Amino acid sequence: MILILMGVSGCGKTTVGQKLAAQLGLPFQDADNFHPKANIEKMKAGISLTDEDRLPWLNDLAANIRKWEQTGGAVLACSALKESYRKILQCVPQITWIFLDGSRDIILKRLQNRKAHFMTSTLLDSQLETLEKPDYGLHFDIALNPDQIVQEILIKMNQMKSTSEFGLIGLGVMGKSLALNLADKNVTVSVYNRHIPGKEEEIAGKFIADNPSFKNLKGFDKLEDFVQSLEKPRKILLMIYAGAVDSQIEELIPFLEANDVIIDGGNSFYKDTSLRAQLLEHINIHFLGTGISGGEEGARKGPSIMPGGSSKAYISVSKYLDLISAKDKNGKACSSYIGSGGAGHFVKMVHNGIEYAEMQALSEVYFLMLNFLKLSAKEISEILKTWQSDDTGSYLLEITIDILQKKEGDGLLLDQILDQAEQKGTGGLSVTAALEYGVPYSSLSEAVMARFLSALKEKRVRAANLYARENIIPPANSEEFISRLRNAYQAVRIINHDIGFNLMRQASDHHQWQLNFSEIARIWSNGCIIRSELMEELVEVFKTAETILCSTHIVPKMKTWQHDLSYCTAQGLQNGFALPVLSAALNYFLSYTTAESGANLIQAQRDYFGAHTYQRKDQPAGQYFHTQWKSQTDD
Ligand code: 6PG
């Protein structure tokens, strides 16, 4: 146990610290005794210490804190005026900060009564100016006498022992898994689930009863009790349906206090998140819109986490997010601060846009293998296994292989599943964002449209009868087609990712989020639904390249694979198979790599019928021209 009493000189750190240490049976340490001689001389002469003067002193204290922790703990009195100083001292996880705060007058009186101390009262104003009050830890007013303060500290510490470090609201599949994940990491967690008669009754209690081995979990179905059970500043993770976030926040507000942090871990729309953060900031409550990807298993074992919003609030919860997240290949947490406002939820939304396109691409590959190459599910899964074992591997490919092997009775479960793809909406929201920012979103929007088209089951059945497919001519060399299809699939995936990251880049510029794309790829390299070998490669790609398609890592591959993508797509379309994502990705690639396009004709047409004007190749950009296209005599 390390307790640090902090505050300006004269606030009573030493007196309170000595009494507290005696009560707790811990050694007392005074940081003043660790100052190098030069610092003491400076202070005696009434000269304020600089950051450089303090650095060796703070580092020495940090080294000692580590030692004291090993030997059972200590109570340390140290001014620790700035957050950067406290960061150096926060070198062990369990530090209790005790801030002694008070008026300048009281402190000044105390300093003037002091004898035999190097600190002069003239330094007080400079100390008060330097002081950055912490918004965490235990705060006490020095108007109380030292014995009273010690008693208050002991009471608060007892209360803290029985409070939980972290709160979670919403015990759906994801909420339960994340609560267990936190509890597994020895975090004390309070969970709350609303009470809806006949629908959601005693959910929290049942959850606790179902998990008796976790003594660090507490369940509540009364919101006020839940909030009171949390250590301050409170950290509350909402794992609820996006449509219920506002009403949940409204219910919470009366019980919250300044500096409490709400983390929205659902799939909320990023603009709502940004607005909520602004509104809550007015009442000093911090809001972190946080994308969490990985489904039930990810939430339990380690998801990828995309927190956005107040960077200050992020610091107070980052320890917990890092603990529960997946780890990358170097053991680093797949959780990283994304940016201000709605940045975290925006990035998660684009993750889902890519997720939709990756799923649709796999569905098209599967469909071609099944119906064009006439392969069985078993044969397809065997081929996909070989892809999975090399650099084509991904989580979505891995689960596809499992799905293709899942039997029901004598048949395949997949064959019994209705071919109508549903959606909760994040893919569609990313299309709306692409339209708003003017970013081409070809294959990612096609994946959303493909789900809508699939939903028209009855209409499709009727139309299929009218337009029966004839003359399917399977490729002469099936093996060669499979090998080219693998390359085509790789090419589509690169294009899908390029499109998704381009949308993030545009939004980042617009909102000044300064997104770090290599870091985003890194936190997506494990835990999330679109984790893959390609994602690992993108971590490196974004260290040097602006865009994926123009990266020197990618160009040589795409030069070959684009031909396979053209070939397989053409073959599939020619034989009557819908390939919305494969063909949209190919069209995107071909358009993107065409220097002189036919768009000049569109500009001419616009000017012709609407006098919308056009720019010329032979004139500086930004100058607009209009032509009277029909000569007067034509009339
Ligand atoms: C994830 C997923 C998840 C998503 C569901 C369902 O990253 O863990 O993206 O957040 O909500 O998979 O999404 P749809 O219902 O829209 O397919």
# chains A, B, ... in the order shown; residues from 1 in each chain; ligands from 1
>>> residues_near_ligand(ligand="ligand 1", cutoff="6 Å", atoms="only C-alpha atoms and all ligand atoms", output="PyMOL selection string")
chain A and resi 293-295+352+423-426+528-529
>>> residues_around(residues="Val8 (chain A)", least_positions_apart="4", cutoff="8 Å", atoms="only C-alpha atoms", output="NGL selection string")
:A and (79 or 81 or 124 or 127-128 or 131)
>>> closest_atom_pairs(of="region 127-152 of chain A", to="region 99-111 of chain A", cutoff="10 Å", atoms="only C-alpha atoms", output="CSV")
residue,atom,partner,partner_atom,distance
A:Leu128,CA,A:Arg104,CA,8.2
A:Lys133,CA,A:Phe99,CA,8.1
A:Pro134,CA,A:Phe99,CA,7.8
A:Asp135,CA,A:Phe99,CA,9.7
A:Tyr136,CA,A:Phe99,CA,9.0
A:Gly137,CA,A:Phe99,CA,7.1
A:Leu138,CA,A:Phe99,CA,6.1
A:His139,CA,A:Phe99,CA,4.8
A:Phe140,CA,A:Leu100,CA,5.1
A:Asp141,CA,A:Asp101,CA,5.1
A:Ile142,CA,A:Gly102,CA,5.3
A:Ala143,CA,A:Gly102,CA,6.8
A:Leu144,CA,A:Gly102,CA,9.7
A:Ile149,CA,A:Leu100,CA,9.1
>>> residues_around(residues="Tyr608 (chain A)", least_positions_apart="2", cutoff="8 Å", atoms="only C-alpha atoms", output="list in words")
Ala604, Gln605, Arg606, Gly610, Ala611, His612, Thr627, Gln628 and Trp629 of chain A
>>> closest_residue(among="A:Gln420, A:Thr392, A:Ser518, A:Asn267", to="Ile305 (chain A)", atoms="only C-alpha atoms")
A:Asn267
>>> select_by_dssp(residues="region 486-529 of chain A", states="helix (DSSP H, G or I)", output="MDAnalysis selection string")
chainID A and resid 486:511 517:523
>>> residues_around(residues="Glu297 (chain A)", least_positions_apart="3", cutoff="10 Å", atoms="only C-alpha atoms", output="list in words")
Val173, Met174, Ser177, Leu178, Gly294, Arg300, Lys301, Gly302, Pro303 and Gly527 of chain A
>>> residues_around(residues="Gln388 (chain A)", least_positions_apart="6", cutoff="8 Å", atoms="only C-alpha atoms", output="list of chain:residue names")
A:Ser394, A:Leu397, A:Glu398
>>> residues_around(residues="Asn516 (chain A)", least_positions_apart="5", cutoff="9 Å", atoms="only C-alpha atoms", output="PyMOL selection string")
chain A and resi 338+521+542
>>> write_last_selection(atoms="N, CA and C atoms", output="PDB file, in the first residue's frame")
ATOM      1  N   ILE A 338      -8.352   6.975 -29.760  1.00  0.00           N
ATOM      2  CA  ILE A 338      -8.522   7.217 -31.192  1.00  0.00           C
ATOM      3  C   ILE A 338      -8.520   8.712 -31.522  1.00  0.00           C
ATOM      4  N   ALA A 521      -4.745   0.064 -37.479  1.00  0.00           N
ATOM      5  CA  ALA A 521      -4.534  -1.290 -38.020  1.00  0.00           C
ATOM      6  C   ALA A 521      -3.982  -2.200 -36.910  1.00  0.00           C
ATOM      7  N   PHE A 542       1.101   1.516 -43.260  1.00  0.00           N
ATOM      8  CA  PHE A 542       0.759   2.885 -42.868  1.00  0.00           C
ATOM      9  C   PHE A 542       1.897   3.603 -42.137  1.00  0.00           C
TER      10      PHE A 542
END
>>> closest_residue(among="A:Lys630, A:Lys67, A:Lys19, A:Lys319", to="Phe166 (chain A)", atoms="only C-alpha atoms")
A:Lys319
>>> atom_distance(atom1="CA of Lys329 (chain A)", atom2="CA of Leu503 (chain A)")
26.6 Å
>>> decode(residues="region 4-19 of chain A", atoms="all heavy atoms", output="short mmCIF file (atom, residue, chain, number, x, y, z; two decimals), in the first residue's frame")
data_model
loop_
_atom_site.label_atom_id
_atom_site.label_comp_id
_atom_site.auth_asym_id
_atom_site.auth_seq_id
_atom_site.Cartn_x
_atom_site.Cartn_y
_atom_site.Cartn_z
N ILE A 4 0.14 8.64 -1.01
CA ILE A 4 0.92 9.87 -1.19
C ILE A 4 0.05 11.06 -0.80
O ILE A 4 -1.02 11.29 -1.38
CB ILE A 4 1.42 10.03 -2.65
CG1 ILE A 4 2.25 8.80 -3.07
CG2 ILE A 4 2.23 11.31 -2.79
CD1 ILE A 4 2.85 8.86 -4.45
N LEU A 5 0.52 11.79 0.20
CA LEU A 5 -0.17 13.02 0.60
C LEU A 5 0.44 14.15 -0.22
O LEU A 5 1.66 14.35 -0.17
CB LEU A 5 0.05 13.29 2.09
CG LEU A 5 -0.79 12.37 2.96
CD1 LEU A 5 0.09 11.59 3.88
CD2 LEU A 5 -1.81 13.19 3.72
N MET A 6 -0.38 14.85 -0.94
CA MET A 6 0.15 15.87 -1.83
C MET A 6 -0.51 17.24 -1.59
O MET A 6 -1.60 17.32 -1.02
CB MET A 6 -0.02 15.47 -3.29
CG MET A 6 -1.45 15.20 -3.69
SD MET A 6 -1.75 15.47 -5.45
CE MET A 6 -1.48 17.20 -5.62
N GLY A 7 0.17 18.27 -2.06
CA GLY A 7 -0.35 19.63 -1.92
C GLY A 7 0.82 20.58 -1.74
O GLY A 7 1.97 20.13 -1.59
N VAL A 8 0.53 21.86 -1.71
CA VAL A 8 1.63 22.84 -1.65
C VAL A 8 2.28 22.81 -0.27
O VAL A 8 1.71 22.27 0.69
CB VAL A 8 1.13 24.28 -1.95
CG1 VAL A 8 0.61 24.37 -3.37
CG2 VAL A 8 0.06 24.71 -0.96
N SER A 9 3.45 23.39 -0.20
CA SER A 9 4.17 23.45 1.07
C SER A 9 3.32 24.19 2.11
O SER A 9 2.71 25.22 1.80
CB SER A 9 5.48 24.20 0.82
OG SER A 9 6.24 24.13 1.97
N GLY A 10 3.24 23.63 3.32
CA GLY A 10 2.47 24.28 4.36
C GLY A 10 1.05 23.75 4.49
O GLY A 10 0.31 24.17 5.37
N CYS A 11 0.66 22.78 3.64
CA CYS A 11 -0.73 22.29 3.70
C CYS A 11 -0.90 21.22 4.78
O CYS A 11 -2.01 20.76 5.04
CB CYS A 11 -1.20 21.79 2.34
SG CYS A 11 -0.39 20.27 1.84
N GLY A 12 0.20 20.78 5.37
CA GLY A 12 0.09 19.82 6.48
C GLY A 12 0.40 18.39 6.09
O GLY A 12 0.07 17.46 6.82
N LYS A 13 1.08 18.20 4.97
CA LYS A 13 1.38 16.84 4.49
C LYS A 13 2.16 16.03 5.52
O LYS A 13 1.85 14.87 5.77
CB LYS A 13 2.22 16.89 3.20
CG LYS A 13 1.58 17.58 2.04
CD LYS A 13 2.44 17.49 0.79
CE LYS A 13 3.76 18.24 0.88
NZ LYS A 13 3.67 19.70 0.70
N THR A 14 3.18 16.67 6.09
CA THR A 14 4.04 15.93 7.00
C THR A 14 3.30 15.56 8.28
O THR A 14 3.31 14.38 8.69
CB THR A 14 5.30 16.77 7.33
OG1 THR A 14 5.86 17.17 6.08
CG2 THR A 14 6.32 15.98 8.10
N THR A 15 2.60 16.52 8.89
CA THR A 15 1.89 16.24 10.15
C THR A 15 0.85 15.15 9.92
O THR A 15 0.80 14.15 10.65
CB THR A 15 1.18 17.53 10.64
OG1 THR A 15 2.08 18.60 10.49
CG2 THR A 15 0.73 17.39 12.06
N VAL A 16 0.01 15.35 8.90
CA VAL A 16 -1.05 14.36 8.63
C VAL A 16 -0.43 13.01 8.25
O VAL A 16 -0.85 11.96 8.72
CB VAL A 16 -2.00 14.87 7.51
CG1 VAL A 16 -3.01 13.79 7.11
CG2 VAL A 16 -2.72 16.13 7.95
N GLY A 17 0.62 13.09 7.43
CA GLY A 17 1.27 11.86 6.96
C GLY A 17 1.83 11.04 8.11
O GLY A 17 1.66 9.81 8.15
N GLN A 18 2.49 11.71 9.06
CA GLN A 18 3.09 10.98 10.19
C GLN A 18 2.00 10.30 11.03
O GLN A 18 2.12 9.15 11.42
CB GLN A 18 3.91 11.93 11.07
CG GLN A 18 5.27 12.23 10.45
CD GLN A 18 5.97 13.40 11.13
OE1 GLN A 18 5.35 14.21 11.81
NE2 GLN A 18 7.28 13.49 10.93
N LYS A 19 0.93 11.05 11.27
CA LYS A 19 -0.17 10.48 12.08
C LYS A 19 -0.83 9.31 11.35
O LYS A 19 -1.14 8.28 11.95
CB LYS A 19 -1.22 11.56 12.37
CG LYS A 19 -0.79 12.58 13.42
CD LYS A 19 -1.83 13.68 13.56
CE LYS A 19 -1.40 14.73 14.56
NZ LYS A 19 -1.65 14.35 15.95
#
